[in-house]
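> Data: upload03.cif, mmCIF, N, CA and C atoms.
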```cif
data_protein
loop_
_atom_site.label_atom_id
_atom_site.label_comp_id
_atom_site.auth_asym_id
_atom_site.auth_seq_id
_atom_site.Cartn_x
_atom_site.Cartn_y
_atom_site.Cartn_z
N ASP A 1 107.58 168.19 89.04
CA ASP A 1 107.86 167.68 90.37
C ASP A 1 108.56 166.33 90.33
N GLY A 2 108.05 165.45 89.48
CA GLY A 2 108.58 164.09 89.42
C GLY A 2 110.03 164.05 88.99
N ILE A 3 110.41 164.95 88.09
CA ILE A 3 111.78 164.94 87.59
C ILE A 3 112.74 165.36 88.70
N LEU A 4 112.43 166.46 89.37
CA LEU A 4 113.34 166.98 90.39
C LEU A 4 113.43 166.05 91.60
N GLU A 5 112.31 165.65 92.12
CA GLU A 5 112.31 164.82 93.34
C GLU A 5 112.95 163.45 93.10
N SER A 6 112.60 162.83 92.00
CA SER A 6 113.16 161.50 91.76
C SER A 6 114.64 161.56 91.43
N ASN A 7 115.11 162.66 90.84
CA ASN A 7 116.54 162.83 90.62
C ASN A 7 117.29 162.81 91.94
N VAL A 8 116.79 163.54 92.90
CA VAL A 8 117.46 163.63 94.20
C VAL A 8 117.45 162.28 94.90
N PHE A 9 116.30 161.62 94.94
CA PHE A 9 116.22 160.33 95.63
C PHE A 9 117.11 159.29 94.97
N ALA A 10 117.08 159.21 93.65
CA ALA A 10 117.91 158.22 92.95
C ALA A 10 119.39 158.55 93.11
N PHE A 11 119.75 159.84 93.06
CA PHE A 11 121.15 160.24 93.21
C PHE A 11 121.68 159.85 94.59
N VAL A 12 120.94 160.16 95.64
CA VAL A 12 121.38 159.84 97.00
C VAL A 12 121.45 158.33 97.20
N ALA A 13 120.46 157.61 96.72
CA ALA A 13 120.45 156.16 96.88
C ALA A 13 121.64 155.52 96.18
N MET A 14 121.90 155.92 94.94
CA MET A 14 123.01 155.33 94.21
C MET A 14 124.36 155.76 94.77
N LEU A 15 124.46 156.99 95.26
CA LEU A 15 125.71 157.43 95.88
C LEU A 15 126.01 156.62 97.13
N LEU A 16 125.01 156.37 97.96
CA LEU A 16 125.22 155.54 99.15
C LEU A 16 125.63 154.12 98.77
N LEU A 17 124.97 153.56 97.77
CA LEU A 17 125.31 152.20 97.35
C LEU A 17 126.72 152.13 96.75
N LEU A 18 127.10 153.15 95.98
CA LEU A 18 128.46 153.17 95.43
C LEU A 18 129.51 153.36 96.52
N ARG A 19 129.22 154.23 97.47
CA ARG A 19 130.18 154.46 98.57
C ARG A 19 130.35 153.19 99.41
N ARG A 20 129.26 152.47 99.59
CA ARG A 20 129.34 151.25 100.40
C ARG A 20 130.19 150.19 99.73
N LYS A 21 130.08 150.07 98.42
CA LYS A 21 130.72 148.95 97.73
C LYS A 21 132.11 149.26 97.19
N TRP A 22 132.29 150.45 96.59
CA TRP A 22 133.54 150.69 95.87
C TRP A 22 134.39 151.83 96.43
N ILE A 23 133.80 152.88 96.89
CA ILE A 23 134.59 154.06 97.23
C ILE A 23 135.19 153.94 98.63
N THR A 24 134.32 153.85 99.60
CA THR A 24 134.78 153.72 100.99
C THR A 24 134.04 152.56 101.63
N PRO A 25 134.51 151.34 101.41
CA PRO A 25 133.76 150.16 101.86
C PRO A 25 133.53 150.10 103.37
N ASN A 26 134.45 150.59 104.16
CA ASN A 26 134.30 150.47 105.61
C ASN A 26 133.57 151.65 106.23
N GLU A 27 133.40 152.73 105.46
CA GLU A 27 132.78 153.93 106.01
C GLU A 27 131.26 153.82 106.08
N VAL A 28 130.66 153.23 105.04
CA VAL A 28 129.21 153.11 104.98
C VAL A 28 128.84 151.65 105.20
N VAL A 29 128.15 151.39 106.31
CA VAL A 29 127.72 150.04 106.64
C VAL A 29 126.19 150.00 106.55
N LEU A 30 125.69 149.16 105.65
CA LEU A 30 124.26 149.04 105.46
C LEU A 30 123.81 147.62 105.71
N GLN A 31 122.66 147.49 106.33
CA GLN A 31 122.08 146.17 106.52
C GLN A 31 121.36 145.77 105.24
N THR A 32 120.98 144.52 105.16
CA THR A 32 120.36 143.99 103.94
C THR A 32 119.06 144.72 103.61
N TRP A 33 118.23 144.98 104.59
CA TRP A 33 116.96 145.64 104.32
C TRP A 33 117.17 147.08 103.87
N GLN A 34 118.23 147.73 104.36
CA GLN A 34 118.53 149.09 103.92
C GLN A 34 119.00 149.11 102.47
N MET A 35 119.81 148.13 102.10
CA MET A 35 120.25 148.04 100.71
C MET A 35 119.06 147.78 99.79
N PHE A 36 118.16 146.91 100.22
CA PHE A 36 116.96 146.62 99.44
C PHE A 36 116.15 147.89 99.22
N LEU A 37 115.97 148.69 100.27
CA LEU A 37 115.23 149.94 100.14
C LEU A 37 115.94 150.95 99.24
N LEU A 38 117.26 151.01 99.32
CA LEU A 38 118.00 151.94 98.47
C LEU A 38 117.93 151.54 97.00
N TYR A 39 118.06 150.24 96.71
CA TYR A 39 117.91 149.77 95.33
C TYR A 39 116.49 150.04 94.82
N GLY A 40 115.51 149.78 95.67
CA GLY A 40 114.12 150.06 95.29
C GLY A 40 113.88 151.54 95.06
N SER A 41 114.44 152.37 95.91
CA SER A 41 114.31 153.81 95.75
C SER A 41 114.94 154.29 94.45
N ALA A 42 116.11 153.75 94.13
CA ALA A 42 116.77 154.13 92.88
C ALA A 42 115.94 153.69 91.67
N LEU A 43 115.43 152.45 91.69
CA LEU A 43 114.61 151.97 90.57
C LEU A 43 113.32 152.77 90.44
N LEU A 44 112.71 153.11 91.57
CA LEU A 44 111.50 153.93 91.53
C LEU A 44 111.82 155.32 91.02
N GLY A 45 112.98 155.85 91.39
CA GLY A 45 113.39 157.15 90.87
C GLY A 45 113.61 157.12 89.37
N PHE A 46 114.21 156.03 88.86
CA PHE A 46 114.41 155.90 87.41
C PHE A 46 113.05 155.86 86.69
N ALA A 47 112.11 155.08 87.23
CA ALA A 47 110.79 154.95 86.60
C ALA A 47 110.02 156.27 86.67
N THR A 48 110.08 156.95 87.81
CA THR A 48 109.36 158.21 87.97
C THR A 48 109.90 159.26 87.00
N THR A 49 111.22 159.36 86.89
CA THR A 49 111.80 160.31 85.96
C THR A 49 111.45 159.93 84.52
N GLY A 50 111.46 158.65 84.21
CA GLY A 50 111.08 158.22 82.88
C GLY A 50 109.65 158.61 82.54
N LEU A 51 108.73 158.44 83.48
CA LEU A 51 107.34 158.84 83.25
C LEU A 51 107.22 160.35 83.08
N ALA A 52 107.92 161.11 83.91
CA ALA A 52 107.86 162.56 83.81
C ALA A 52 108.44 163.05 82.48
N LEU A 53 109.55 162.46 82.05
CA LEU A 53 110.13 162.85 80.77
C LEU A 53 109.26 162.42 79.60
N LEU A 54 108.59 161.28 79.73
CA LEU A 54 107.64 160.84 78.71
C LEU A 54 106.54 161.88 78.55
N GLU A 55 106.04 162.40 79.65
CA GLU A 55 104.98 163.42 79.60
C GLU A 55 105.51 164.70 78.97
N VAL A 56 106.72 165.11 79.33
CA VAL A 56 107.31 166.31 78.75
C VAL A 56 107.47 166.14 77.23
N ASP A 57 107.98 164.99 76.83
CA ASP A 57 108.15 164.72 75.40
C ASP A 57 106.81 164.76 74.67
N HIS A 58 105.80 164.16 75.27
CA HIS A 58 104.48 164.09 74.64
C HIS A 58 103.88 165.48 74.49
N ARG A 59 104.09 166.33 75.48
CA ARG A 59 103.47 167.66 75.46
C ARG A 59 104.24 168.69 74.65
N THR A 60 105.52 168.47 74.40
CA THR A 60 106.32 169.50 73.74
C THR A 60 106.66 169.18 72.29
N SER A 61 106.58 167.93 71.89
CA SER A 61 107.00 167.57 70.53
C SER A 61 105.83 166.94 69.77
N VAL A 62 105.49 167.57 68.68
CA VAL A 62 104.40 167.04 67.84
C VAL A 62 104.79 165.69 67.25
N ALA A 63 106.05 165.56 66.82
CA ALA A 63 106.50 164.31 66.22
C ALA A 63 106.45 163.16 67.24
N VAL A 64 106.92 163.42 68.45
CA VAL A 64 106.89 162.38 69.49
C VAL A 64 105.45 162.07 69.88
N GLN A 65 104.62 163.10 69.94
CA GLN A 65 103.21 162.89 70.28
C GLN A 65 102.54 161.96 69.27
N GLN A 66 102.79 162.17 68.00
CA GLN A 66 102.21 161.30 66.97
C GLN A 66 102.73 159.87 67.11
N LEU A 67 104.01 159.74 67.42
CA LEU A 67 104.60 158.42 67.60
C LEU A 67 104.01 157.70 68.81
N LEU A 68 103.86 158.42 69.92
CA LEU A 68 103.36 157.80 71.15
C LEU A 68 101.87 157.47 71.08
N ASN A 69 101.12 158.20 70.29
CA ASN A 69 99.69 157.95 70.18
C ASN A 69 99.36 156.73 69.33
N ARG A 70 100.34 156.15 68.67
CA ARG A 70 100.10 154.98 67.81
C ARG A 70 99.73 153.74 68.60
N SER A 71 100.49 153.45 69.69
CA SER A 71 100.22 152.22 70.43
C SER A 71 100.79 152.30 71.85
N VAL A 72 100.33 151.41 72.67
CA VAL A 72 100.83 151.31 74.04
C VAL A 72 102.28 150.82 74.02
N PHE A 73 102.60 149.95 73.07
CA PHE A 73 103.96 149.44 72.96
C PHE A 73 104.96 150.57 72.71
N SER A 74 104.60 151.53 71.86
CA SER A 74 105.51 152.65 71.62
C SER A 74 105.65 153.51 72.87
N GLN A 75 104.62 153.62 73.67
CA GLN A 75 104.71 154.37 74.94
C GLN A 75 105.63 153.63 75.92
N LEU A 76 105.48 152.32 76.02
CA LEU A 76 106.35 151.54 76.90
C LEU A 76 107.80 151.57 76.44
N ARG A 77 108.00 151.52 75.13
CA ARG A 77 109.35 151.59 74.58
C ARG A 77 109.99 152.94 74.88
N HIS A 78 109.21 154.02 74.74
CA HIS A 78 109.74 155.35 75.04
C HIS A 78 110.00 155.51 76.54
N LEU A 79 109.13 154.93 77.36
CA LEU A 79 109.35 154.96 78.81
C LEU A 79 110.64 154.23 79.18
N ALA A 80 110.86 153.07 78.59
CA ALA A 80 112.10 152.32 78.85
C ALA A 80 113.31 153.11 78.38
N PHE A 81 113.20 153.77 77.23
CA PHE A 81 114.29 154.59 76.72
C PHE A 81 114.60 155.73 77.67
N ARG A 82 113.57 156.47 78.10
CA ARG A 82 113.81 157.63 78.96
C ARG A 82 114.30 157.21 80.34
N SER A 83 113.78 156.13 80.89
CA SER A 83 114.23 155.66 82.21
C SER A 83 115.68 155.20 82.16
N SER A 84 116.03 154.44 81.13
CA SER A 84 117.42 153.98 81.03
C SER A 84 118.35 155.14 80.70
N GLU A 85 117.88 156.11 79.93
CA GLU A 85 118.70 157.30 79.65
C GLU A 85 119.01 158.04 80.95
N PHE A 86 118.00 158.21 81.79
CA PHE A 86 118.23 158.88 83.07
C PHE A 86 119.18 158.09 83.94
N ALA A 87 118.99 156.77 84.01
CA ALA A 87 119.87 155.94 84.84
C ALA A 87 121.32 156.06 84.38
N LEU A 88 121.55 156.01 83.08
CA LEU A 88 122.92 156.12 82.57
C LEU A 88 123.49 157.51 82.80
N ARG A 89 122.67 158.54 82.65
CA ARG A 89 123.15 159.90 82.94
C ARG A 89 123.50 160.06 84.41
N LEU A 90 122.70 159.46 85.27
CA LEU A 90 122.97 159.54 86.70
C LEU A 90 124.26 158.80 87.06
N PHE A 91 124.45 157.61 86.50
CA PHE A 91 125.68 156.87 86.76
C PHE A 91 126.89 157.62 86.22
N THR A 92 126.76 158.24 85.06
CA THR A 92 127.85 159.03 84.50
C THR A 92 128.17 160.21 85.40
N LEU A 93 127.14 160.89 85.88
CA LEU A 93 127.34 162.03 86.78
C LEU A 93 128.02 161.59 88.08
N LEU A 94 127.57 160.49 88.64
CA LEU A 94 128.19 159.97 89.86
C LEU A 94 129.65 159.59 89.63
N ALA A 95 129.92 158.92 88.53
CA ALA A 95 131.30 158.54 88.22
C ALA A 95 132.16 159.77 88.00
N PHE A 96 131.60 160.81 87.36
CA PHE A 96 132.33 162.05 87.14
C PHE A 96 132.67 162.72 88.47
N PHE A 97 131.69 162.83 89.35
CA PHE A 97 131.94 163.47 90.64
C PHE A 97 132.92 162.67 91.49
N ILE A 98 132.79 161.36 91.46
CA ILE A 98 133.68 160.51 92.26
C ILE A 98 135.11 160.59 91.73
N SER A 99 135.26 160.56 90.41
CA SER A 99 136.61 160.61 89.84
C SER A 99 137.26 161.97 90.02
N THR A 100 136.49 163.05 89.91
CA THR A 100 137.08 164.38 90.14
C THR A 100 137.41 164.58 91.61
N GLU A 101 136.63 163.98 92.48
CA GLU A 101 136.92 164.06 93.92
C GLU A 101 138.21 163.30 94.23
N ALA A 102 138.38 162.13 93.61
CA ALA A 102 139.58 161.34 93.84
C ALA A 102 140.82 162.01 93.26
N ALA A 103 140.64 162.74 92.14
CA ALA A 103 141.77 163.42 91.50
C ALA A 103 142.03 164.80 92.11
N ARG A 104 141.23 165.17 93.09
CA ARG A 104 141.36 166.47 93.78
C ARG A 104 141.19 167.66 92.82
N VAL A 105 140.27 167.51 91.87
CA VAL A 105 139.95 168.61 90.96
C VAL A 105 139.02 169.56 91.71
N PRO A 106 139.24 170.88 91.60
CA PRO A 106 138.35 171.82 92.28
C PRO A 106 136.90 171.66 91.81
N LYS A 107 135.96 171.79 92.74
CA LYS A 107 134.55 171.57 92.41
C LYS A 107 134.05 172.54 91.34
N ALA A 108 134.56 173.78 91.36
CA ALA A 108 134.13 174.77 90.36
C ALA A 108 134.55 174.32 88.96
N ALA A 109 135.74 173.77 88.82
CA ALA A 109 136.20 173.29 87.51
C ALA A 109 135.36 172.10 87.06
N ALA A 110 135.04 171.21 87.98
CA ALA A 110 134.23 170.04 87.64
C ALA A 110 132.83 170.47 87.21
N LEU A 111 132.23 171.40 87.94
CA LEU A 111 130.89 171.87 87.58
C LEU A 111 130.92 172.66 86.28
N GLY A 112 132.00 173.41 86.03
CA GLY A 112 132.14 174.13 84.77
C GLY A 112 132.22 173.18 83.58
N ALA A 113 132.98 172.12 83.73
CA ALA A 113 133.08 171.11 82.66
C ALA A 113 131.73 170.43 82.43
N LEU A 114 131.02 170.15 83.50
CA LEU A 114 129.71 169.53 83.39
C LEU A 114 128.73 170.48 82.70
N GLY A 115 128.75 171.75 83.06
CA GLY A 115 127.88 172.74 82.42
C GLY A 115 128.19 172.91 80.95
N ALA A 116 129.48 172.93 80.59
CA ALA A 116 129.89 173.06 79.19
C ALA A 116 129.41 171.85 78.38
N ASP A 117 129.50 170.66 78.97
CA ASP A 117 129.03 169.45 78.30
C ASP A 117 127.52 169.51 78.07
N TYR A 118 126.79 169.96 79.07
CA TYR A 118 125.33 170.07 78.94
C TYR A 118 124.97 171.10 77.86
N LEU A 119 125.64 172.24 77.87
CA LEU A 119 125.38 173.29 76.88
C LEU A 119 125.68 172.79 75.47
N LEU A 120 126.75 172.05 75.30
CA LEU A 120 127.08 171.48 74.00
C LEU A 120 125.98 170.52 73.53
N GLY A 121 125.47 169.71 74.45
CA GLY A 121 124.38 168.79 74.10
C GLY A 121 123.12 169.53 73.67
N VAL A 122 122.78 170.62 74.36
CA VAL A 122 121.60 171.41 74.00
C VAL A 122 121.81 172.05 72.63
N LEU A 123 123.00 172.60 72.39
CA LEU A 123 123.28 173.23 71.09
C LEU A 123 123.20 172.21 69.95
N LEU A 124 123.73 171.02 70.16
CA LEU A 124 123.64 169.98 69.14
C LEU A 124 122.19 169.61 68.86
N LEU A 125 121.39 169.52 69.90
CA LEU A 125 119.98 169.17 69.73
C LEU A 125 119.24 170.28 68.99
N VAL A 126 119.54 171.54 69.31
CA VAL A 126 118.86 172.66 68.66
C VAL A 126 119.21 172.73 67.18
N PHE A 127 120.49 172.58 66.85
CA PHE A 127 120.90 172.76 65.46
C PHE A 127 120.80 171.50 64.62
N LEU A 128 120.91 170.34 65.24
CA LEU A 128 120.86 169.09 64.48
C LEU A 128 119.66 168.23 64.84
N GLY A 129 118.74 168.78 65.67
CA GLY A 129 117.59 168.02 66.15
C GLY A 129 116.67 167.61 65.02
N GLY A 130 115.94 166.57 65.25
CA GLY A 130 115.08 165.85 64.32
C GLY A 130 114.13 166.62 63.43
N ARG A 131 112.98 166.04 63.21
CA ARG A 131 112.03 166.52 62.20
C ARG A 131 110.79 167.11 62.83
N ASP A 132 110.87 167.66 63.99
CA ASP A 132 109.68 168.19 64.64
C ASP A 132 109.19 169.43 63.91
N PRO A 133 107.90 169.51 63.60
CA PRO A 133 107.38 170.68 62.90
C PRO A 133 107.53 171.98 63.71
N VAL A 134 107.53 171.86 65.01
CA VAL A 134 107.74 173.04 65.87
C VAL A 134 109.23 173.09 66.20
N ARG A 135 109.95 173.95 65.53
CA ARG A 135 111.42 173.99 65.63
C ARG A 135 111.89 174.33 67.06
N ASN A 136 111.17 175.19 67.78
CA ASN A 136 111.59 175.61 69.11
C ASN A 136 111.42 174.52 70.16
N ALA A 137 110.75 173.43 69.83
CA ALA A 137 110.56 172.36 70.80
C ALA A 137 111.88 171.69 71.17
N ALA A 138 112.88 171.77 70.29
CA ALA A 138 114.17 171.13 70.55
C ALA A 138 114.86 171.74 71.76
N VAL A 139 114.62 173.02 72.03
CA VAL A 139 115.24 173.66 73.20
C VAL A 139 114.70 173.05 74.48
N VAL A 140 113.41 172.79 74.53
CA VAL A 140 112.79 172.21 75.73
C VAL A 140 113.20 170.76 75.90
N LEU A 141 113.25 170.03 74.82
CA LEU A 141 113.56 168.61 74.89
C LEU A 141 115.01 168.40 75.23
#
```
Using structure tokens, write down the structure that the file contains.


Amino acid sequence: DGILESNVFAFVAMLLLLRRKWITPNEVVLQTWQMFLLYGSALLGFATTGLALLEVDHRTSVAVQQLLNRSVFSQLRHLAFRSSEFALRLFTLLAFFISTEAARVPKAAALGALGADYLLGVLLLVFLGGRDPVRNAAVVL
């Protein structure tokens, strides 16, 4: 639940903030308190997704589970890694959609390229993924 819901909230919040500042500055007018809420919503979405991914990692990978059980610092470090990973992926996705929209690329072609990129990442993780004793865990991660 946390992954899906926070993705949507963070995506919408960041899209509104980007549209206000860079894409269509005069189209989206936000007051200061609205901007504060949107930034807060995006940060909360990043943290929520990071926590959800931390739980997925802990439950699906024996190697990550052993690493995370060592100390609270390693859990916080992994949470920061997963939250920042999600934030960067979201910004990349937003930039991709905005640039393809500006270049008038058909949405099907843009989504196809995005799907091919995701599939390539999964294949690389499956075939070149780390040292987890459970080999099939790489597909989930």

> Report the distance between atom CA of Met35 of chain A and atom CA of Leu17 of chain A in Å, rounded to one decimal place.

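Value for the atom CA of Met35 of chain A-atom CA of Leu17 of chain A distance: 7.4 Å.
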
> Considering all atoms listed in the file, give me a table of residues in segment 34-54 of chain A that are at most 5 Å from segment 2-13 of chain A, with the closest atom pair and distance in Å for each, as CSV.


```
residue,atom,partner,partner_atom,distance
A:Ala42,CA,A:Ala10,CA,4.2
A:Gly45,CA,A:Ser6,CA,4.4
A:Thr49,CA,A:Ile3,CA,4.9
```

> My list of candidates is A:Ala110, A:Val62, A:Val72, A:Leu79. Which is closest to Leu93 of chain A when distances are computed with only C-alpha atoms?

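Of A:Ala110, A:Val62, A:Val72, A:Leu79, the one nearest Leu93 of chain A is A:Ala110, counting only C-alpha atoms.
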
> For Phe81 of chain A, list every protein, DNA or RNA residue within 8 Å, evaluated using all atoms listed in the file, and leave out those in the same chain fewer than 6 positions away; present the list as number ranges by chain.

A: 50, 75, 87

> Point out the residue among A:Leu16, A:Val28, A:Leu51, A:Ala102 with the least atom-to-atom distance to Ala80 of chain A, counting only N, CA and C atoms.

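Under the stated criterion, the closest residue is A:Leu51.
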
> Select from chain A everything DSSP, run on the backbone, classes as alpha helix (DSSP H), then give the selection as number ranges by chain.

A: 2-18, 32-60, 62-68, 72-102, 107-128, 137-140

> Rounded to one decimal place, report the atom CA of Leu15 of chain A-atom CA of Gly115 of chain A distance in Å.

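Interatomic distance, atom CA of Leu15 of chain A to atom CA of Gly115 of chain A: 20.5 Å.
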
> Just how far from atom CA of Leu123 of chain A is atom CA of His58 of chain A, in Å to one decimal?

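Distance between the two atoms: 21.2 Å.
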